[in-house]
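entry_8.txt follows; it contains compact mmCIF, C-alpha atoms.
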```
# COMPACT_ATOMS: atom_id res chain seq x y z
CA MET A 28 -23.88 20.77 7.78
CA VAL A 29 -25.32 17.25 8.04
CA ASP A 30 -22.72 14.61 8.81
CA TYR A 31 -24.84 11.73 10.08
CA GLY A 32 -25.18 8.37 8.36
CA PRO A 33 -23.14 5.73 6.57
CA TYR A 34 -22.13 7.86 3.58
CA SER A 35 -20.33 11.12 3.00
CA SER A 36 -21.70 14.00 0.96
CA VAL A 37 -19.93 16.52 -1.25
CA GLU A 38 -21.71 19.30 0.67
CA THR A 39 -20.24 18.08 3.97
CA LEU A 40 -16.74 17.70 2.54
CA ILE A 41 -16.84 21.21 1.07
CA GLY A 42 -18.46 22.49 4.26
CA LEU A 43 -15.31 21.57 6.20
CA LYS A 44 -13.47 24.43 4.51
CA PRO A 45 -14.70 27.09 7.00
CA VAL A 46 -13.87 24.67 9.84
CA ALA A 47 -10.29 24.47 8.54
CA LYS A 48 -10.23 28.27 8.21
CA ALA A 49 -11.42 28.71 11.79
CA ILE A 50 -8.73 26.36 13.08
CA ALA A 51 -6.08 28.07 10.94
CA SER A 52 -7.04 31.51 12.29
CA ASN A 53 -7.09 30.33 15.90
CA ARG A 54 -4.26 32.14 17.61
CA VAL A 55 -4.09 29.72 20.53
CA LYS A 56 -2.73 26.52 19.01
CA PRO A 57 -1.86 23.35 20.89
CA LYS A 58 1.83 22.78 21.52
CA LEU A 59 3.21 20.55 18.77
CA ARG A 60 4.57 17.23 19.91
CA PRO A 61 8.04 16.07 18.77
CA ARG A 62 6.74 14.37 15.65
CA ASP A 63 6.67 14.79 11.90
CA GLY A 64 3.65 17.09 11.82
CA LEU A 65 1.85 18.66 8.91
CA ARG A 66 3.59 22.04 9.11
CA GLN A 67 6.59 21.70 11.43
CA SER A 68 9.26 21.72 8.74
CA ARG A 69 9.38 23.04 5.22
CA ILE A 70 11.99 20.45 4.25
CA SER A 71 11.99 16.68 4.72
CA GLY A 72 14.92 14.75 3.26
CA ARG A 73 16.37 16.83 0.43
CA GLY A 74 13.08 18.44 -0.55
CA MET A 75 14.96 20.61 -3.01
CA ASP A 76 14.78 21.53 -6.70
CA PHE A 77 17.89 21.39 -8.92
CA GLU A 78 19.01 24.87 -9.96
CA GLU A 79 22.46 24.66 -11.60
CA ALA A 80 25.85 22.96 -11.59
CA ARG A 81 29.07 24.68 -10.52
CA PRO A 82 32.71 23.54 -10.10
CA TYR A 83 33.22 21.31 -7.06
CA GLN A 84 34.64 22.99 -3.96
CA PRO A 85 36.21 21.33 -0.90
CA GLY A 86 33.50 20.51 1.61
CA ASP A 87 30.73 19.96 -0.97
CA ASP A 88 28.57 16.88 -0.46
CA ALA A 89 29.91 14.09 -2.68
CA ARG A 90 26.36 12.77 -3.10
CA HIS A 91 25.50 15.88 -5.13
CA ILE A 92 28.22 15.52 -7.75
CA GLU A 93 26.83 16.24 -11.23
CA TRP A 94 28.40 13.38 -13.19
CA ARG A 95 27.11 14.33 -16.64
CA VAL A 96 28.58 17.84 -16.51
CA THR A 97 31.76 16.41 -14.97
CA ALA A 98 32.10 13.95 -17.87
CA ARG A 99 31.56 16.64 -20.53
CA SER A 100 33.85 19.24 -18.99
CA GLY A 101 36.52 16.97 -17.56
CA LYS A 102 36.28 18.90 -14.29
CA LEU A 103 34.39 17.89 -11.15
CA HIS A 104 31.04 19.70 -10.76
CA THR A 105 28.41 19.62 -8.04
CA LYS A 106 24.68 20.33 -8.06
CA LEU A 107 23.13 23.41 -6.46
CA PHE A 108 19.58 23.20 -5.17
CA THR A 109 16.93 25.76 -4.31
CA GLU A 110 14.49 25.22 -1.45
CA GLU A 111 11.00 24.18 -2.48
CA LYS A 112 8.51 27.04 -2.23
CA GLU A 113 5.54 24.71 -1.77
CA LYS A 114 5.17 21.58 0.29
CA ASN A 115 3.56 18.48 -1.20
CA THR A 116 1.11 16.58 1.01
CA LEU A 117 -0.32 13.24 -0.11
CA ILE A 118 -3.26 11.86 1.88
CA VAL A 119 -4.02 8.14 1.63
CA VAL A 120 -7.75 7.62 2.30
CA ASP A 121 -8.92 4.08 3.10
CA GLN A 122 -12.32 3.36 1.54
CA ARG A 123 -12.25 -0.44 1.72
CA SER A 124 -15.07 -2.61 3.08
CA PRO A 125 -13.78 -2.94 6.71
CA MET A 126 -14.10 0.86 6.92
CA PHE A 127 -17.83 0.59 6.15
CA PHE A 128 -18.80 0.28 9.80
CA GLY A 129 -20.13 2.60 12.45
CA THR A 130 -22.53 2.62 15.39
CA ARG A 131 -22.92 6.32 16.17
CA ARG A 132 -23.06 9.43 13.98
CA ARG A 133 -21.04 8.15 10.99
CA PHE A 134 -19.12 5.20 9.54
CA LYS A 135 -15.34 4.92 9.65
CA SER A 136 -15.18 5.39 5.87
CA THR A 137 -17.13 8.65 6.17
CA LEU A 138 -14.92 10.03 8.93
CA ALA A 139 -11.82 9.16 6.87
CA ALA A 140 -13.25 11.17 3.96
CA GLU A 141 -13.97 14.14 6.26
CA VAL A 142 -10.46 14.03 7.74
CA ALA A 143 -8.97 14.09 4.22
CA ALA A 144 -11.20 17.04 3.27
CA LEU A 145 -10.27 19.06 6.38
CA LEU A 146 -6.54 18.44 5.92
CA GLY A 147 -6.83 19.28 2.24
CA TRP A 148 -8.52 22.62 2.81
CA TYR A 149 -6.01 23.53 5.51
CA THR A 150 -3.11 22.65 3.20
CA LEU A 151 -4.50 24.80 0.38
CA MET A 152 -4.94 27.72 2.79
CA ASN A 153 -1.20 27.53 3.41
CA LYS A 154 -0.67 27.68 -0.38
CA ASP A 155 0.84 24.19 -0.44
CA HIS A 156 0.04 21.28 -2.75
CA ILE A 157 -2.44 18.58 -1.79
CA GLY A 158 -2.98 15.18 -3.43
CA LEU A 159 -5.06 12.10 -2.64
CA LEU A 160 -4.63 8.38 -3.02
CA ILE A 161 -8.15 6.97 -2.59
CA VAL A 162 -8.09 3.22 -1.97
CA GLY A 163 -11.19 1.11 -2.61
CA ASN A 164 -11.67 -2.64 -2.49
CA ASP A 165 -10.39 -3.35 -5.99
CA ARG A 166 -9.07 -0.05 -7.34
CA GLN A 167 -7.12 3.04 -6.40
CA HIS A 168 -7.58 6.59 -7.60
CA PHE A 169 -4.54 8.88 -7.50
CA VAL A 170 -4.89 12.65 -7.62
CA ARG A 171 -1.55 14.35 -8.17
CA PRO A 172 -0.67 17.09 -5.62
CA SER A 173 -1.79 20.53 -6.73
CA SER A 174 -2.45 23.92 -5.18
CA ARG A 175 -5.58 24.51 -7.26
CA ASN A 176 -8.93 24.53 -5.48
CA THR A 177 -10.69 23.24 -8.59
CA GLN A 178 -8.54 20.12 -8.71
CA PHE A 179 -9.15 19.45 -5.02
CA LEU A 180 -12.90 19.79 -5.58
CA HIS A 181 -12.64 17.14 -8.30
CA ALA A 182 -10.64 14.97 -5.88
CA LEU A 183 -13.37 15.32 -3.23
CA SER A 184 -15.98 14.36 -5.81
CA SER A 185 -14.01 11.20 -6.63
CA LEU A 186 -13.61 10.44 -2.93
CA ASN A 187 -17.34 10.86 -2.35
CA GLU A 188 -18.12 8.63 -5.33
CA MET A 189 -15.89 5.82 -4.05
CA ASN A 190 -17.38 6.23 -0.56
CA HIS A 191 -20.86 5.65 -1.96
CA GLN A 192 -19.75 2.45 -3.67
CA LEU A 193 -19.28 0.75 -0.29
CA THR A 194 -21.95 -1.75 0.73
CA THR A 195 -22.39 -4.53 3.27
CA GLU A 196 -21.71 -7.05 0.52
CA GLN A 197 -18.41 -8.88 0.98
CA PRO A 198 -16.02 -7.95 -1.88
CA SER A 199 -14.48 -10.74 -3.95
CA THR A 200 -11.07 -9.05 -3.74
CA GLU A 201 -9.52 -6.40 -1.51
CA ILE A 202 -6.39 -4.36 -1.96
CA SER A 203 -4.12 -5.04 1.02
CA PHE A 204 -2.28 -2.41 3.03
CA GLU A 205 0.91 -4.08 1.86
CA GLN A 206 -0.07 -3.25 -1.73
CA ILE A 207 -0.80 0.32 -0.69
CA SER A 208 2.61 0.73 0.93
CA ARG A 209 4.33 -0.64 -2.19
CA GLU A 210 2.39 1.80 -4.36
CA LEU A 211 3.50 4.68 -2.14
CA SER A 212 7.15 3.80 -2.74
CA THR A 213 6.67 4.96 -6.34
CA LEU A 214 4.21 7.82 -5.75
CA ALA A 215 5.86 9.55 -2.78
CA LYS A 216 8.68 11.83 -3.92
CA PRO A 217 11.46 13.10 -1.62
CA GLY A 218 10.13 15.80 0.69
CA PHE A 219 6.50 14.64 0.57
CA ASN A 220 4.25 14.75 3.63
CA LEU A 221 2.40 11.43 3.73
CA VAL A 222 -0.78 11.20 5.82
CA LEU A 223 -2.39 7.76 6.16
CA VAL A 224 -6.07 7.73 7.18
CA SER A 225 -7.32 4.20 7.90
CA ASP A 226 -8.38 1.74 10.57
CA PHE A 227 -5.17 -0.20 9.72
CA HIS A 228 -6.98 -3.53 10.20
CA ASP A 229 -4.48 -5.37 7.96
CA PHE A 230 -1.37 -3.33 8.72
CA ASN A 231 1.27 -6.06 8.66
CA GLU A 232 5.03 -6.13 9.20
CA ARG A 233 5.88 -5.77 5.51
CA ALA A 234 3.72 -2.66 5.18
CA SER A 235 5.38 -1.23 8.29
CA ASN A 236 8.84 -1.89 6.82
CA ASP A 237 7.87 -0.20 3.54
CA LEU A 238 6.78 2.93 5.40
CA MET A 239 9.94 2.91 7.50
CA ARG A 240 11.94 3.05 4.28
CA LEU A 241 9.79 5.94 3.04
CA LYS A 242 10.57 7.85 6.25
CA ARG A 243 14.16 8.24 5.04
CA HIS A 244 13.03 10.99 2.66
CA CYS A 245 9.38 11.69 3.56
CA SER A 246 7.35 12.70 6.58
CA VAL A 247 4.88 9.94 7.47
CA ARG A 248 1.86 10.49 9.71
CA ALA A 249 -0.84 7.97 10.69
CA ILE A 250 -4.43 8.78 11.65
CA ARG A 251 -6.26 5.71 12.93
CA ILE A 252 -10.05 5.68 12.68
CA TYR A 253 -12.02 3.50 15.07
CA ASP A 254 -15.54 2.88 16.37
CA SER A 255 -16.11 2.40 20.10
CA TRP A 256 -17.90 -0.93 19.55
CA GLU A 257 -14.70 -2.35 18.12
CA GLN A 258 -13.03 -2.14 21.51
CA GLN A 259 -15.87 -3.05 23.85
CA LEU A 260 -19.44 -4.19 23.25
CA PRO A 261 -22.06 -2.11 25.12
CA ASN A 262 -24.43 -3.95 27.44
CA VAL A 263 -27.63 -3.68 25.40
CA GLY A 264 -28.81 -7.31 25.55
CA ASN A 265 -29.33 -9.41 22.43
CA ILE A 266 -28.27 -7.89 19.12
CA GLU A 267 -27.97 -9.22 15.59
CA LEU A 268 -25.14 -8.21 13.29
CA LEU A 269 -26.01 -8.49 9.61
CA SER A 270 -24.00 -8.69 6.41
CA ALA A 271 -25.05 -9.57 2.89
CA LYS A 272 -24.25 -13.25 3.38
CA GLN A 273 -24.65 -14.01 7.07
CA SER A 274 -25.96 -12.89 10.43
CA LEU A 275 -24.50 -13.18 13.90
CA ALA A 276 -26.51 -13.13 17.15
CA ILE A 277 -24.69 -11.77 20.21
CA ASP A 278 -25.80 -11.47 23.81
CA THR A 279 -23.93 -8.37 24.97
CA SER A 280 -24.96 -9.00 28.58
CA ALA A 281 -23.01 -12.31 28.71
CA ASP A 282 -19.86 -11.57 30.71
CA GLN A 283 -17.82 -14.49 29.36
CA GLN A 284 -18.62 -13.63 25.73
CA ASN A 285 -17.79 -9.98 26.27
CA ARG A 286 -14.53 -10.82 28.01
CA LEU A 287 -13.44 -13.10 25.15
CA TYR A 288 -14.36 -10.43 22.60
CA GLN A 289 -12.38 -7.75 24.45
CA GLU A 290 -9.33 -10.00 24.80
CA GLN A 291 -9.30 -10.73 21.08
CA GLN A 292 -9.74 -7.09 20.16
CA GLN A 293 -7.08 -5.95 22.63
CA GLN A 294 -4.59 -8.42 21.23
CA GLN A 295 -5.22 -7.22 17.68
CA TYR A 296 -5.08 -3.59 18.83
CA SER A 297 -1.72 -4.12 20.55
CA ILE A 298 -0.16 -5.70 17.46
CA ILE A 299 -1.25 -2.85 15.18
CA ASN A 300 -0.36 -0.26 17.82
CA ASP A 301 3.22 -1.51 18.06
CA ARG A 302 3.64 -1.46 14.27
CA LEU A 303 2.14 2.00 13.91
CA LYS A 304 4.33 3.47 16.63
CA LEU A 305 7.42 2.45 14.67
CA VAL A 306 6.17 4.53 11.76
CA ASP A 307 4.58 7.36 13.75
CA PRO A 308 5.26 7.32 17.51
CA PHE A 309 2.55 9.95 18.10
CA TYR A 310 -0.12 8.70 15.72
CA THR A 311 -3.61 10.16 16.10
CA GLN A 312 -6.72 8.13 16.95
CA LEU A 313 -10.21 9.41 16.08
CA ALA A 314 -13.59 7.97 17.11
CA THR A 315 -16.50 7.98 14.68
CA HIS A 316 -18.93 9.68 17.07
CA LYS A 317 -16.91 12.86 17.66
CA GLU A 318 -17.80 16.24 16.13
CA ALA A 319 -15.46 17.88 13.61
CA THR A 320 -14.94 20.74 16.06
CA GLU A 321 -13.54 18.17 18.53
CA TRP A 322 -11.18 16.24 16.23
CA GLY A 323 -10.26 19.05 13.84
CA GLN A 324 -7.58 20.59 16.05
CA ARG A 325 -5.94 17.22 16.64
CA VAL A 326 -5.94 16.37 12.95
CA ILE A 327 -4.33 19.65 11.91
CA HIS A 328 -1.97 20.35 14.79
CA GLY A 329 -1.05 16.79 15.72
```
I need this file expressed as structure tokens, please.
Amino acid sequence: MVDYGPYSSVETLIGLKPVAKAIASNRVKPKLRPRDGLRQSRISGRGMDFEEARPYQPGDDARHIEWRVTARSGKLHTKLFTEEKEKNTLIVVDQRSPMFFGTRRRFKSTLAAEVAALLGWYTLMNKDHIGLLIVGNDRQHFVRPSSRNTQFLHALSSLNEMNHQLTTEQPSTEISFEQISRELSTLAKPGFNLVLVSDFHDFNERASNDLMRLKRHCSVRAIRIYDSWEQQLPNVGNIELLSAKQSLAIDTSADQQNRLYQEQQQQQYSIINDRLKLVDPFYTQLATHKEATEWGQRVIHG
């Protein structure tokens, strides 16, 4: 399974299925932390399907009163619910231009696609429903949660296609994380597991507040993708960073320049870290140069 380079491949994404199976069959699993994990609870919020209405009894939850039946019959009725048999997981995969960066093994956008594939295969193995919201620079592609392997294969094909549309060219427009969080308020139904896979470079206060509201009836998990060069420049002398429109020369051996770079990055990291911890106190961080066998357990078991 080849997973090197700036782009994903359908073969690699499908090839993560046996990795998910191996992790699922591993009898020695890490102890789950006190967080909203992928499989800790079958129910989040109500997470229930309406079954029937019956006459109200003392002690019934007033929030479940069935007003239409009550109006027709003239007697107070309440709703009965059955527990969902399948869990719905929706993975948000960031495929915007800032994710198109990497210095070892793969780009952030590629790792995000692999994480989504691994989680998807694991979810299907548990006979639950998996859906994707793939976010590009100027469009989003929503795949409704399903337990069918064929639909997930189509979703991976769409994810791979959007991954290959990324270039070093600066996009004229970019969907913001705030727009993504607003979109989720309509897509995420009560009881959904939401998994956000991104570098969260533009994760602002409004987006954080939107996700906090979603946590009232959904499980929300964050997986932050990063490259080691984003935190600290290696001492490799003079380098040139290129984009479609400009170039930047950097002397990585200059102490003052490196110190200023690290201070700026640390400040930005701290801001995003504080916001993410409000949404997911135990959010996962993954580096682009790690093997799937290294990050797979953390992705699945938290």
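For the atom pair formed by atom CA of Asp307 of chain A and atom CA of Glu257 of chain A, the distance is 22.0 Å, given to one decimal.
Proximity of A:Arg240, A:Lys216, A:Arg175, A:His316 to Asn115 of chain A, computed with all atoms listed in the file, is greatest for A:Lys216.
Among the candidate residues A:Tyr149, A:Tyr310, A:Phe219, A:Phe127, the one lying nearest to Arg251 of chain A is A:Tyr310, with distances computed using all atoms listed in the file.
In this model, the gap between atom CA of Asp237 of chain A and atom CA of Phe204 of chain A comes to 10.4 Å.
We find atom CA of Trp256 of chain A and atom CA of Asn187 of chain A to be spaced 24.9 Å apart.
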Among A:Gly42, A:Pro308, A:Pro172, A:Pro82, Lys102 of chain A is approached most closely, using only C-alpha atoms, by A:Pro82
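In this comparison, which uses all atoms listed in the file, the residue of A:Ala49, A:Ile41, A:Ile327, A:Ile202 approaching Ser184 of chain A most closely is A:Ile41.
The closest residue to Leu146 of chain A, picked from A:Lys44, A:Arg81, A:Arg133, A:Arg123 and counting all atoms listed in the file, is A:Lys44.
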The residue from A:Glu290, A:Asp165, A:Asp121, A:Glu318 with the smallest atom-to-atom distance to Ile250 of chain A, counting all atoms listed in the file, is A:Asp121
message: So that I can check the surroundings of Arg90 of chain A, please list as a PyMOL selection string every protein, DNA and RNA residue that reaches within 12 Å of it, counting all atoms listed in the file and ignoring chain neighbours fewer than 6 positions away.
response: chain A and resi 73+83+104-107
Requested in this report: In the coordinate frame of the file, compute which residues have an atom within 12 Å of (1.8, 6.8, -2.2) when using all atoms listed in the file, and state them as a ChimeraX atom specification.
Outcome: /A:115-120,158-162,167-172,204-217,219-223,237-238,241,245-247
What residues have an atom no more than 12 Å from (-12.5, 22.7, -6.7) in the file's own frame, counting all atoms listed in the file, and can you write them as a ChimeraX atom specification?
/A:37,40-41,44,144,147-148,151,157,173-185
